[in-house]
Structure formats: structure tokens, C-alpha cells
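**Student:** Below is model.csv; it holds CSV, C-alpha atoms.
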chain,number,residue,atom,x,y,z
M,8,MET,CA,127.0,125.8,98.9
M,9,GLY,CA,124.0,125.9,101.2
M,10,LYS,CA,123.5,127.1,104.7
M,11,ILE,CA,126.4,128.2,106.9
M,12,LEU,CA,126.7,129.7,110.4
M,13,VAL,CA,127.3,133.4,110.3
M,14,ASP,CA,130.5,133.1,112.4
M,15,LYS,CA,131.9,130.8,109.7
M,16,LEU,CA,131.4,133.4,107.0
M,17,GLU,CA,134.3,134.8,105.1
M,18,PRO,CA,134.5,138.0,103.0
M,19,GLY,CA,134.0,137.2,99.3
M,20,MET,CA,131.2,134.7,99.9
M,21,VAL,CA,128.0,135.5,98.0
M,22,LEU,CA,124.5,135.2,99.4
M,23,ASP,CA,122.2,133.2,97.4
M,24,SER,CA,119.0,134.1,99.2
M,25,ASP,CA,117.7,137.2,101.1
M,26,VAL,CA,118.8,137.6,104.7
M,27,THR,CA,116.3,138.9,107.3
M,28,ASP,CA,116.8,139.8,110.9
M,29,PRO,CA,114.8,138.1,113.6
M,30,ASN,CA,112.0,140.6,113.1
M,31,GLY,CA,111.7,139.7,109.5
M,32,LEU,CA,113.2,142.9,108.0
M,33,LEU,CA,115.3,142.5,104.9
M,34,LEU,CA,118.9,143.1,105.8
M,35,LEU,CA,120.9,141.9,102.8
M,36,ALA,CA,119.6,140.8,99.5
M,37,SER,CA,120.4,137.8,97.5
M,38,GLY,CA,123.4,138.3,95.2
M,39,MET,CA,125.3,140.4,97.7
M,40,LYS,CA,129.0,139.7,97.9
M,41,LEU,CA,129.9,139.8,101.6
M,42,THR,CA,132.5,142.0,103.1
M,43,GLY,CA,133.9,141.9,106.6
M,44,LYS,CA,131.5,144.8,107.4
M,45,HIS,CA,128.4,142.9,106.2
M,46,ILE,CA,129.4,139.9,108.3
M,47,GLY,CA,129.7,142.3,111.3
M,48,VAL,CA,126.2,143.6,110.5
M,49,LEU,CA,124.8,140.0,110.5
M,50,LEU,CA,126.5,139.2,113.8
M,51,SER,CA,125.3,142.4,115.5
M,52,ARG,CA,121.8,141.7,114.3
M,53,GLU,CA,121.8,138.2,115.7
M,54,VAL,CA,121.4,136.4,112.4
M,55,ARG,CA,122.5,132.9,112.9
M,56,MET,CA,122.6,131.2,109.5
M,57,VAL,CA,122.7,132.3,105.9
M,58,SER,CA,122.8,130.6,102.6
M,59,VAL,CA,125.7,131.2,100.3
M,60,ALA,CA,126.5,130.3,96.8
M,61,GLY,CA,129.7,129.6,94.9
M,62,SER,CA,131.7,132.4,93.3
M,63,ALA,CA,129.2,133.5,90.7
M,64,ARG,CA,127.0,136.5,91.5
M,65,SER,CA,123.3,135.8,91.0
M,66,VAL,CA,122.4,139.5,90.5
M,67,PRO,CA,124.4,140.5,87.4
M,68,VAL,CA,126.5,143.6,87.9
M,69,VAL,CA,126.8,145.6,85.1
M,70,ASP,CA,129.3,145.3,82.4
M,71,ASP,CA,127.4,144.8,79.2
M,72,PHE,CA,128.3,148.3,77.9
M,73,GLU,CA,130.9,146.7,75.7
M,74,SER,CA,128.2,144.6,74.0
M,75,LEU,CA,126.7,147.8,72.5
M,76,LYS,CA,127.6,148.8,69.0
M,77,PRO,CA,130.0,151.7,68.8
M,78,ASP,CA,127.4,154.2,67.7
M,79,GLU,CA,125.1,153.1,70.6
M,80,GLN,CA,128.1,153.4,73.0
M,81,GLU,CA,128.7,156.9,71.7
M,82,ALA,CA,125.1,157.9,72.1
M,83,ALA,CA,125.0,156.4,75.6
M,84,ARG,CA,128.2,158.2,76.6
M,85,ARG,CA,126.7,161.5,75.4
M,86,GLU,CA,123.5,161.0,77.3
M,87,VAL,CA,125.2,159.9,80.5
M,88,ASP,CA,127.6,162.8,80.3
M,89,HIS,CA,124.7,165.1,79.9
M,90,LEU,CA,123.0,163.6,82.9
M,91,PHE,CA,126.0,164.3,85.0
M,92,ARG,CA,127.0,167.7,83.7
M,93,HIS,CA,126.0,169.5,86.8
M,94,SER,CA,127.5,167.0,89.1
M,95,ASN,CA,131.2,166.6,90.1
M,96,PRO,CA,132.7,163.5,88.4
M,97,SER,CA,136.1,164.5,89.8
M,98,HIS,CA,134.8,163.0,93.1
M,99,PRO,CA,135.5,159.2,93.1
M,100,ALA,CA,132.0,158.4,94.2
M,101,VAL,CA,130.4,160.4,91.4
M,102,LYS,CA,132.9,158.9,88.9
M,103,GLU,CA,131.8,155.4,90.0
M,104,LEU,CA,128.2,156.4,89.7
M,105,HIS,CA,128.9,157.6,86.2
M,106,ARG,CA,130.6,154.4,85.4
M,107,LEU,CA,127.7,152.3,86.8
M,108,CYS,CA,125.1,154.5,85.0
M,109,LEU,CA,127.0,154.0,81.7
M,110,ALA,CA,127.4,150.3,82.2
M,111,ARG,CA,123.7,149.9,82.9
M,112,ARG,CA,122.9,151.4,79.5
M,113,GLY,CA,124.1,148.1,78.1
M,114,THR,CA,121.8,145.9,80.1
M,115,LYS,CA,118.1,145.4,80.3
M,116,ARG,CA,117.3,146.8,83.8
M,117,PRO,CA,114.2,147.5,85.8
M,118,SER,CA,113.3,151.2,85.9
Q,5,MET,CA,105.8,190.6,86.9
Q,6,THR,CA,104.5,187.3,88.1
Q,7,ILE,CA,103.8,186.8,91.8
Q,8,TYR,CA,104.4,183.3,92.9
Q,9,PRO,CA,102.9,181.8,96.1
Q,10,THR,CA,105.0,181.9,99.2
Q,11,VAL,CA,106.0,178.7,100.9
Q,12,ASP,CA,103.5,179.4,103.7
Q,13,SER,CA,100.6,179.9,101.4
Q,14,LEU,CA,101.6,176.8,99.4
Q,15,VAL,CA,101.4,174.5,102.5
Q,16,SER,CA,98.6,176.2,104.5
Q,17,GLY,CA,95.4,174.4,103.9
Q,18,ALA,CA,97.4,171.3,103.0
Q,19,GLU,CA,95.3,169.5,105.5
Q,20,ASN,CA,92.4,170.1,103.0
Q,21,ILE,CA,93.9,169.0,99.7
Q,22,ALA,CA,95.6,165.9,101.1
Q,23,SER,CA,94.7,163.5,103.8
Q,24,PRO,CA,97.5,164.3,106.3
Q,25,PRO,CA,98.9,161.4,108.2
Q,26,ARG,CA,97.1,162.4,111.4
Q,27,ILE,CA,97.2,158.8,112.4
Q,28,HIS,CA,101.0,159.1,112.4
Q,29,GLN,CA,100.8,162.1,114.7
Q,30,ARG,CA,98.7,160.2,117.1
Q,31,ILE,CA,101.0,157.2,116.9
Q,32,THR,CA,104.0,159.4,117.4
Q,33,GLU,CA,102.4,161.0,120.5
Q,34,ALA,CA,101.6,157.6,121.9
Q,35,LEU,CA,105.2,156.6,121.3
Q,36,THR,CA,106.7,159.4,123.2
Q,37,ASN,CA,104.7,158.2,126.2
Q,38,PRO,CA,107.1,155.9,128.1
Q,39,THR,CA,104.3,153.7,129.3
Q,40,VAL,CA,103.0,153.0,125.8
Q,41,ASP,CA,101.6,149.5,125.2
Q,42,LEU,CA,101.6,147.7,121.9
Q,43,ASN,CA,97.8,147.1,121.9
Q,44,GLU,CA,97.2,150.9,122.1
Q,45,ILE,CA,99.3,151.5,119.0
Q,46,ALA,CA,97.7,148.6,117.2
Q,47,GLU,CA,94.3,149.9,117.9
Q,48,LEU,CA,95.1,153.3,116.5
Q,49,VAL,CA,96.3,151.9,113.3
Q,50,ALA,CA,93.5,149.3,113.1
Q,51,LYS,CA,90.9,152.1,113.5
Q,52,ASP,CA,91.8,153.3,109.9
Q,53,SER,CA,90.6,150.4,107.9
Q,54,GLY,CA,92.1,151.7,104.6
Q,55,LEU,CA,95.4,152.1,106.2
Q,56,THR,CA,95.2,148.7,107.8
Q,57,MET,CA,94.5,147.1,104.5
Q,58,ARG,CA,97.3,148.8,102.7
Q,59,LEU,CA,99.8,148.2,105.5
Q,60,LEU,CA,98.9,144.5,105.6
Q,61,ARG,CA,99.4,144.2,101.9
Q,62,LEU,CA,102.8,145.7,102.2
Q,63,VAL,CA,103.8,143.6,105.1
Q,64,ASN,CA,102.8,140.5,103.4
Q,65,SER,CA,104.6,141.3,100.3
Q,66,ALA,CA,107.8,139.6,99.2
Q,67,PHE,CA,109.7,142.6,100.5
Q,68,PHE,CA,109.5,141.3,104.0
Q,69,ALA,CA,110.0,137.7,103.1
Q,70,PHE,CA,107.9,136.4,106.0
Q,71,LYS,CA,107.2,132.8,106.0
Q,72,GLN,CA,103.7,133.1,107.5
Q,73,LYS,CA,101.0,135.5,106.4
Q,74,ILE,CA,100.5,138.4,108.8
Q,75,GLU,CA,96.8,138.6,109.5
Q,76,SER,CA,96.3,141.6,111.7
Q,77,ILE,CA,97.9,144.8,112.9
Q,78,ASN,CA,98.7,143.2,116.2
Q,79,ASP,CA,100.6,140.5,114.4
Q,80,ALA,CA,102.4,143.1,112.3
Q,81,VAL,CA,103.4,145.1,115.4
Q,82,ALA,CA,104.6,141.9,117.1
Q,83,ALA,CA,106.5,140.8,114.0
Q,84,ILE,CA,108.2,144.0,112.8
Q,85,GLY,CA,108.0,146.3,115.8
Q,86,VAL,CA,106.0,149.3,116.6
Q,87,GLN,CA,108.5,151.8,115.1
Q,88,GLN,CA,108.5,150.0,111.8
Q,89,VAL,CA,104.7,149.8,111.8
Q,90,CYS,CA,104.5,153.6,112.3
Q,91,ASP,CA,107.0,154.3,109.6
Q,92,LEU,CA,105.2,152.0,107.2
Q,93,ALA,CA,101.8,153.5,108.1
Q,94,LEU,CA,103.2,156.9,107.2
Q,95,THR,CA,104.6,155.7,103.9
Q,96,THR,CA,101.4,154.0,102.9
Q,97,SER,CA,99.3,157.0,103.9
Q,98,VAL,CA,101.5,159.5,102.1
Q,99,THR,CA,101.6,157.5,98.9
Q,100,ARG,CA,97.9,157.9,98.5
Q,101,ILE,CA,97.7,161.6,98.8
Q,102,PHE,CA,98.6,163.5,95.7
Q,103,LYS,CA,96.1,162.5,93.2
Q,104,GLY,CA,95.5,165.9,91.6
Q,105,VAL,CA,98.9,166.3,90.0
Q,106,PRO,CA,98.8,167.2,86.2
Q,107,GLU,CA,100.2,164.3,84.2
Q,108,GLU,CA,102.2,166.5,81.9
Q,109,LEU,CA,104.2,167.9,84.8
Q,110,VAL,CA,105.2,164.7,86.3
Q,111,GLU,CA,104.1,161.2,85.8
Q,112,MET,CA,103.3,159.9,89.3
Q,113,GLU,CA,104.6,156.4,88.6
Q,114,SER,CA,107.9,157.9,87.6
Q,115,PHE,CA,107.9,160.1,90.6
Q,116,TRP,CA,107.3,157.2,93.0
Q,117,ARG,CA,109.9,155.1,91.3
Q,118,HIS,CA,112.5,157.7,91.9
Q,119,SER,CA,111.3,158.1,95.5
Q,120,LEU,CA,111.4,154.4,96.1
Q,121,ALA,CA,114.9,154.0,94.6
Q,122,CYS,CA,116.1,156.7,97.0
Q,123,ALA,CA,114.3,155.0,99.9
Q,124,LEU,CA,116.0,151.7,99.2
Q,125,ALA,CA,119.4,153.2,98.6
Q,126,ALA,CA,119.1,155.2,101.9
Q,127,ARG,CA,118.2,152.1,103.8
Q,128,ALA,CA,121.0,150.1,102.2
Q,129,LEU,CA,123.5,152.8,103.0
Q,130,ALA,CA,122.4,152.9,106.6
Q,131,ILE,CA,122.6,149.1,106.9
Q,132,ASN,CA,126.0,149.2,105.2
Q,133,ARG,CA,127.5,151.4,107.8
Q,134,ASN,CA,125.9,149.3,110.6
Q,135,GLU,CA,123.6,152.0,111.7
Q,136,ALA,CA,122.5,151.2,115.3
Q,137,GLY,CA,118.9,152.3,115.4
Q,138,PRO,CA,116.0,151.1,113.3
Q,139,VAL,CA,116.8,151.7,109.6
Q,140,GLU,CA,113.2,152.1,108.5
Q,141,SER,CA,113.4,155.8,109.2
Q,142,TYR,CA,116.0,156.0,106.4
Q,143,PHE,CA,113.6,154.4,104.1
Q,144,VAL,CA,110.8,156.8,105.0
Q,145,ALA,CA,113.1,159.8,104.7
Q,146,GLY,CA,114.3,158.6,101.2
Q,147,MET,CA,110.7,158.0,100.2
Q,148,LEU,CA,109.5,161.5,101.1
Q,149,HIS,CA,112.5,163.6,100.2
Q,150,ASP,CA,110.8,165.2,97.1
Q,151,VAL,CA,107.3,165.5,98.4
Q,152,GLY,CA,107.6,169.2,98.2
Q,153,ARG,CA,107.6,168.9,94.4
Q,154,LEU,CA,104.3,167.2,94.5
Q,155,ILE,CA,102.5,170.0,96.3
Q,156,MET,CA,104.2,172.5,94.0
Q,157,PHE,CA,102.9,170.6,91.0
Q,158,ALA,CA,99.5,170.3,92.5
Q,159,ARG,CA,99.1,173.9,93.8
Q,160,MET,CA,101.1,176.0,91.3
Q,161,PRO,CA,101.1,174.0,88.1
Q,162,GLU,CA,101.6,176.9,85.7
Q,163,ALA,CA,104.6,178.2,87.7
Q,164,THR,CA,106.2,174.8,87.9
Q,165,ARG,CA,105.6,174.2,84.2
Q,166,GLU,CA,107.6,177.4,83.6
Q,167,ALA,CA,110.4,176.2,85.9
Q,168,LEU,CA,110.5,172.9,84.0
Q,169,VAL,CA,110.7,174.7,80.7
Q,170,TYR,CA,113.4,177.1,82.1
Q,171,SER,CA,115.4,174.1,83.4
Q,172,ARG,CA,115.3,172.2,80.1
Q,173,LYS,CA,115.9,175.2,77.8
Q,174,LEU,CA,118.8,176.5,79.7
Q,175,ASN,CA,120.1,173.0,80.8
Q,176,GLN,CA,120.0,174.1,84.4
Q,177,PRO,CA,119.0,171.8,87.3
Q,178,LEU,CA,115.4,172.1,88.2
Q,179,ILE,CA,116.3,173.0,91.7
Q,180,ALA,CA,118.2,176.0,90.4
Q,181,ALA,CA,115.3,177.1,88.3
Q,182,GLU,CA,113.0,176.9,91.4
Q,183,LYS,CA,115.3,179.0,93.5
Q,184,GLN,CA,115.8,181.5,90.7
Q,185,MET,CA,112.2,181.9,89.9
Q,186,PHE,CA,110.4,181.5,93.2
Q,187,GLY,CA,113.0,182.3,95.8
Q,188,TYR,CA,112.6,178.8,97.4
Q,189,ASP,CA,112.9,175.2,96.3
Q,190,HIS,CA,111.1,171.9,96.7
Q,191,ALA,CA,113.3,170.9,99.7
Q,192,GLU,CA,112.0,173.9,101.7
Q,193,VAL,CA,108.5,173.3,100.6
Q,194,GLY,CA,108.7,169.6,101.6
Q,195,ALA,CA,110.0,170.5,105.0
Q,196,ALA,CA,107.2,173.1,105.5
Q,197,LEU,CA,104.6,170.5,104.5
Q,198,MET,CA,106.0,168.0,107.0
Q,199,GLU,CA,105.8,170.6,109.7
Q,200,ILE,CA,102.2,171.3,108.9
Q,201,TRP,CA,101.6,167.6,109.3
Q,202,SER,CA,103.6,167.5,112.6
Q,203,LEU,CA,105.9,164.9,111.3
Q,204,PRO,CA,109.1,164.2,113.3
Q,205,LYS,CA,111.7,166.9,113.1
Q,206,SER,CA,114.3,164.4,111.8
Q,207,LEU,CA,112.1,163.9,108.7
Q,208,SER,CA,111.5,167.6,108.0
Q,209,GLU,CA,115.1,168.5,108.6
Q,210,ALA,CA,116.4,165.7,106.4
Q,211,THR,CA,114.0,166.8,103.7
Q,212,HIS,CA,114.9,170.5,104.0
Q,213,PHE,CA,118.6,169.8,103.8
Q,214,HIS,CA,118.8,166.9,101.4
Q,215,HIS,CA,120.6,169.1,98.8
Q,216,GLN,CA,122.8,170.8,101.4
Q,217,PRO,CA,123.3,168.2,104.2
Q,218,ALA,CA,126.2,169.9,105.8
Q,219,ALA,CA,123.9,172.7,106.8
Q,220,CYS,CA,121.6,170.4,108.8
Q,221,ASP,CA,122.2,171.0,112.5
Q,222,HIS,CA,120.8,168.0,114.3
Q,223,PHE,CA,120.2,165.3,111.7
Q,224,GLU,CA,123.3,165.5,109.5
Q,225,ASP,CA,123.6,161.7,109.2
Q,226,LEU,CA,120.1,161.3,108.0
Q,227,ALA,CA,120.3,164.3,105.6
Q,228,SER,CA,123.7,163.1,104.3
Q,229,THR,CA,122.4,159.6,103.7
Q,230,VAL,CA,119.3,160.8,101.8
Q,231,HIS,CA,121.6,163.2,99.8
Q,232,VAL,CA,123.8,160.3,98.7
Q,233,ALA,CA,120.8,158.0,98.1
Q,234,ASP,CA,119.2,160.7,95.9
Q,235,LEU,CA,122.3,160.8,93.7
Q,236,ILE,CA,122.3,157.0,93.5
Q,237,ALA,CA,118.6,157.0,92.5
Q,238,HIS,CA,119.4,159.6,89.8
Q,239,ALA,CA,122.4,157.7,88.5
Q,240,LEU,CA,120.3,154.5,88.3
Q,241,GLU,CA,117.7,156.3,86.3
Q,242,TYR,CA,114.8,154.9,88.3
Q,243,GLY,CA,112.0,157.2,87.3
Q,244,SER,CA,112.1,161.0,87.8
Q,245,SER,CA,110.7,163.6,90.1
Q,246,GLY,CA,111.3,166.3,87.4
Q,247,GLU,CA,115.0,166.9,88.0
Q,248,PRO,CA,116.8,166.1,84.7
Q,249,PHE,CA,120.3,166.1,86.1
Q,250,VAL,CA,122.3,164.2,88.7
Q,251,PRO,CA,122.9,166.6,91.6
Q,252,LYS,CA,126.4,167.6,92.8
Q,253,LEU,CA,127.7,165.4,95.5
Q,254,VAL,CA,128.5,167.2,98.8
Q,255,PRO,CA,131.8,165.5,99.9
Q,256,SER,CA,131.1,165.7,103.6
Q,257,ALA,CA,127.9,163.8,103.1
Q,258,TRP,CA,129.7,161.0,101.3
Q,259,ASP,CA,132.2,160.8,104.1
Q,260,ARG,CA,129.4,160.5,106.6
Q,261,CYS,CA,128.0,157.6,104.7
Q,262,GLY,CA,131.2,155.7,105.6
Q,263,ILE,CA,131.4,153.6,102.4
Q,264,GLU,CA,134.0,153.3,99.6
Q,265,PRO,CA,133.2,154.1,96.0
Q,266,ASP,CA,133.7,150.5,95.0
Q,267,SER,CA,130.9,149.4,97.4
Q,268,LEU,CA,128.4,151.3,95.2
Q,269,ALA,CA,128.0,148.4,92.8
Q,270,ASP,CA,126.8,146.3,95.7
Q,271,ILE,CA,124.4,149.0,96.9
Q,272,VAL,CA,123.1,149.1,93.4
Q,273,ALA,CA,122.6,145.4,93.2
Q,274,GLN,CA,120.6,145.4,96.5
Q,275,VAL,CA,118.5,148.3,95.3
Q,276,ASP,CA,117.7,146.5,92.0
Q,277,GLN,CA,116.7,143.4,93.8
Q,278,GLN,CA,114.5,145.0,96.4
Q,279,PHE,CA,113.0,147.4,93.9
Q,280,LYS,CA,111.5,144.6,91.9
Q,281,ASN,CA,109.9,143.2,95.0
Q,282,LEU,CA,108.6,146.4,96.5
Q,283,ILE,CA,107.3,148.3,93.5
Q,284,HIS,CA,104.8,145.5,93.1
Q,285,ALA,CA,103.6,145.7,96.7
Q,286,LEU,CA,103.3,149.5,96.7
Q,287,LYS,CA,101.3,149.5,93.5
Q,288,ALA,CA,98.8,147.3,95.2
Q,289,ALA,CA,98.9,149.4,98.4
Q,290,ARG,CA,98.2,152.7,96.5
Q,291,ARG,CA,94.7,151.7,95.3
Please express the file's structure as C-alpha cells.
**Tutor:**
Amino acid sequence: MGKILVDKLEPGMVLDSDVTDPNGLLLLASGMKLTGKHIGVLLSREVRMVSVAGSARSVPVVDDFESLKPDEQEAARREVDHLFRHSNPSHPAVKELHRLCLARRGTKRPS
Amino acid sequence: MTIYPTVDSLVSGAENIASPPRIHQRITEALTNPTVDLNEIAELVAKDSGLTMRLLRLVNSAFFAFKQKIESINDAVAAIGVQQVCDLALTTSVTRIFKGVPEELVEMESFWRHSLACALAARALAINRNEAGPVESYFVAGMLHDVGRLIMFARMPEATREALVYSRKLNQPLIAAEKQMFGYDHAEVGAALMEIWSLPKSLSEATHFHHQPAACDHFEDLASTVHVADLIAHALEYGSSGEPFVPKLVPSAWDRCGIEPDSLADIVAQVDQQFKNLIHALKAARR
């Protein structure tokens, strides 16, 4: 979609390149889906223009777990459960981290 | 009965086994002087040629996405601000220090990957809640949160080997093994180390309390953010500092971070992206 003034941004738009503040520090990375809060950050940091894409995310999020074979899924599930056994998955944030961790087992990721 | 070193004995003489960030001390002192001028700071950093080189490599890396190459410390200071130069000077000097850590205890690459993931997540969390001050300090706090482990690996390798074995055999968190066996843990050691190096209290407190952020008196926001960032780094499985398990989340720390669980996927996406860029730059800076 190209460059757009920050005060024209709407939640749901996706960045297609990195956004830096006037000092050059990285604020938001390419691929980020903007929320009202992010837009507020950009405004408060005096960023004037950003580049947004269409609706597709350029950094893939994570749901390739389903592409694993059932025995691979089972193994991954066991390993991730083990990793989290001393944590508190009853807390919604930990539950989400568990889900993300499991989902990432299905993708090739940097580590 | 085995006698283990006390925290004090572990960190005393730390000035000898590691090159302490003395330059950071001097920079911090200069910064608390209200009449500080940029040139004075730049000169301090520029005096250390190794540090200058590493810092410039970092600043010129894709992480900062500058359009023009930064040629000097003066330019760096003008471009990213004095506070950021100091924080980065600290990070680049600390990343060089622990060279004597036995490989079978922890693989340094893996250790720094975990630390970096925590640093990036901490920064992202701070930005996400629209933190008013400079967010680089969150990066540094995240980067150094497990530094206590390094000095333990370096100065009491047999004991830490026992703790690792204990942890794995009994499926207990390594931090629990540390506490059980030594009476202290890596968080306390890290904080003590930072005090020996006269680092800012915010850093040593955030390090001390990164597993129990609610107990942090003056820097609960920073400690809480590092706490949550540490969990994120664990869940993303970026390297390891020896701990095999994802720690328990302290709910008040999560509340302080001011984000919703479904924003975590976005934080993760940012960490992934920035991780790729920065690991490359830091590898170069560590030589």
C-alpha cells in the first residue's frame, strides 16, 4: 500500500518495513499488525510516516503445528508440556506462551 | 559435607577475572553531572579503542537501520543519544568478558541467544506499554539478567555441574537446585556482581528480583518486564542459560507489563525479526 501519514493509520494495518524514531532506534518491526496502542506510540515518538502492506503478514505467525505428522505432534506436545511443567499454564499468558511454543515446533524458526 | 563459596567470595576479585565496565562507571558519573557535555562522554568512550570499534559495528548494523554509516563515537552520540551510547557500551563490554566458562556447563552461544531474546522481548514489552523513558535500559537489563550464572560457571564449575545434574535428574528448575545446594541463586550473584562493578541500582535490582519481581522495592516495573521477557525467551526456546524449564509467571509482573495475552504473538514476531538482525551484529562485536 505504500507510505502513509501516521495520523491516517488505522488498527489492523500491517507494517511492511521497520519503523524507527527520529534518533534511528528501532521502534516497531516489519510484519507488525498495528493496534491503537502502537499508533499511539508512533504519534508520541514523533514518527511521521510509515509504510504499510495489505492484509497479509510478512512475518509468519505460527500455525504450522497441524502440518506435523500425528506422532511428531505427540512428541512435540510431550516436550513442550515438560518444558512448562514448573510454570503455571492456568494463567492466560502462560497458556498463550505454551500455545506459541507448541505452534513454533511446526515451523523452521531461528534459535 | 561440601563447602560452597559464599556470594561475596564469588564476586570479590571479579575485577580481576573479567574486564569490568569501568568505562561505564566513568560515563555514569559524568552523566550525573548536570553540566555534562556530549564531547566529554564521546571522549571517554573513544579512549577505549576496542570498545569504540565494537560499538560502531553494532551501531552500523541492520539493527539500527540507519541510512548513513556512523563513523565516529561523536556521530553515534549525536545520532542515538548519550544514554543509548552508554547502555550499548555496557552491553558490548560485558559480552566480551566471560571467556573461561567450561563448554560442557553452558555453551556461550546458547547463553547469549537466551540473553538476547530476553533483551529484545523486554524492550518490545516496554515499547508496547508506551514506556516514557529511553527503552534501551530494558534491553540492557534483559541482556544481563543471567550474568550471575556465568560467574558461577566460571568460578565454581564443579558445584554448578552438580546443580545441573541435580536439576536434570530430579526434574527440578535449576534455580531451585541452586537455592537448595548453595543457599543462594544466580539472581543474587548477578546483582552482587553488578554492585562490585558499580552499575546502576536499577540494573542490579532488576537482576536480583527477576524471578520475584514483586519483592523489588524501587524498580518493580523493570524487574517485572525482565521477568516476563525471560519467560518469553524460554518459551521461544532461544538458546539456554542452563535452566531447562520455563519459570512460573508472577501474575503481578504480568499485570505491570500492561499487555493482553493475545498481544504475545506480536511480541514474538518482533523478537524473531530483530533477533535475526542483531545476533549477526553481536557476533561481530564479540571478537
**Student:** Quote the spacing between atom CA of Gly19 of chain M and atom CA of Thr42 of chain M in Å to one decimal place.
**Tutor:**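 Going from atom CA of Gly19 of chain M over to atom CA of Thr42 of chain M covers 6.3 Å.
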**Student:** Just how far from atom CA of Asp71 of chain M is atom CA of Leu109 of chain M, in Å to one decimal?
**Tutor:**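 Computed distance, atom CA of Leu109 of chain M to atom CA of Asp71 of chain M, equals 9.5 Å.
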**Student:** When you get a sec, could you note down which chain Q residues fall within 6 Å of chain M, using only C-alpha atoms, as an mmCIF file with C-alpha atoms, in the frame of the given file?
**Tutor:**
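Writing the result to part_19.cif gives the following:
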data_model
loop_
_atom_site.group_PDB
_atom_site.id
_atom_site.type_symbol
_atom_site.label_atom_id
_atom_site.label_comp_id
_atom_site.auth_asym_id
_atom_site.auth_seq_id
_atom_site.Cartn_x
_atom_site.Cartn_y
_atom_site.Cartn_z
ATOM 1 C CA PHE Q 68 109.500 141.300 104.000
ATOM 2 C CA ALA Q 83 106.500 140.800 114.000
ATOM 3 C CA ILE Q 84 108.200 144.000 112.800
ATOM 4 C CA ASN Q 134 125.900 149.300 110.600
ATOM 5 C CA ALA Q 239 122.400 157.700 88.500
ATOM 6 C CA LEU Q 240 120.300 154.500 88.300
ATOM 7 C CA TYR Q 242 114.800 154.900 88.300
ATOM 8 C CA PHE Q 249 120.300 166.100 86.100
ATOM 9 C CA VAL Q 250 122.300 164.200 88.700
ATOM 10 C CA PRO Q 251 122.900 166.600 91.600
ATOM 11 C CA LYS Q 252 126.400 167.600 92.800
ATOM 12 C CA PRO Q 265 133.200 154.100 96.000
ATOM 13 C CA GLN Q 274 120.600 145.400 96.500
#
**Student:** Rounded to one decimal place, report the atom CA of Gln277 of chain Q-atom CA of Arg117 of chain Q distance in Å.
**Tutor:** 13.8 Å
**Student:** From the options Q:Pro106, Q:Pro204, Q:Gly187, Q:Gly85, which residue's atoms come nearest to Arg165 of chain Q, counting only C-alpha atoms?
**Tutor:** Q:Pro106
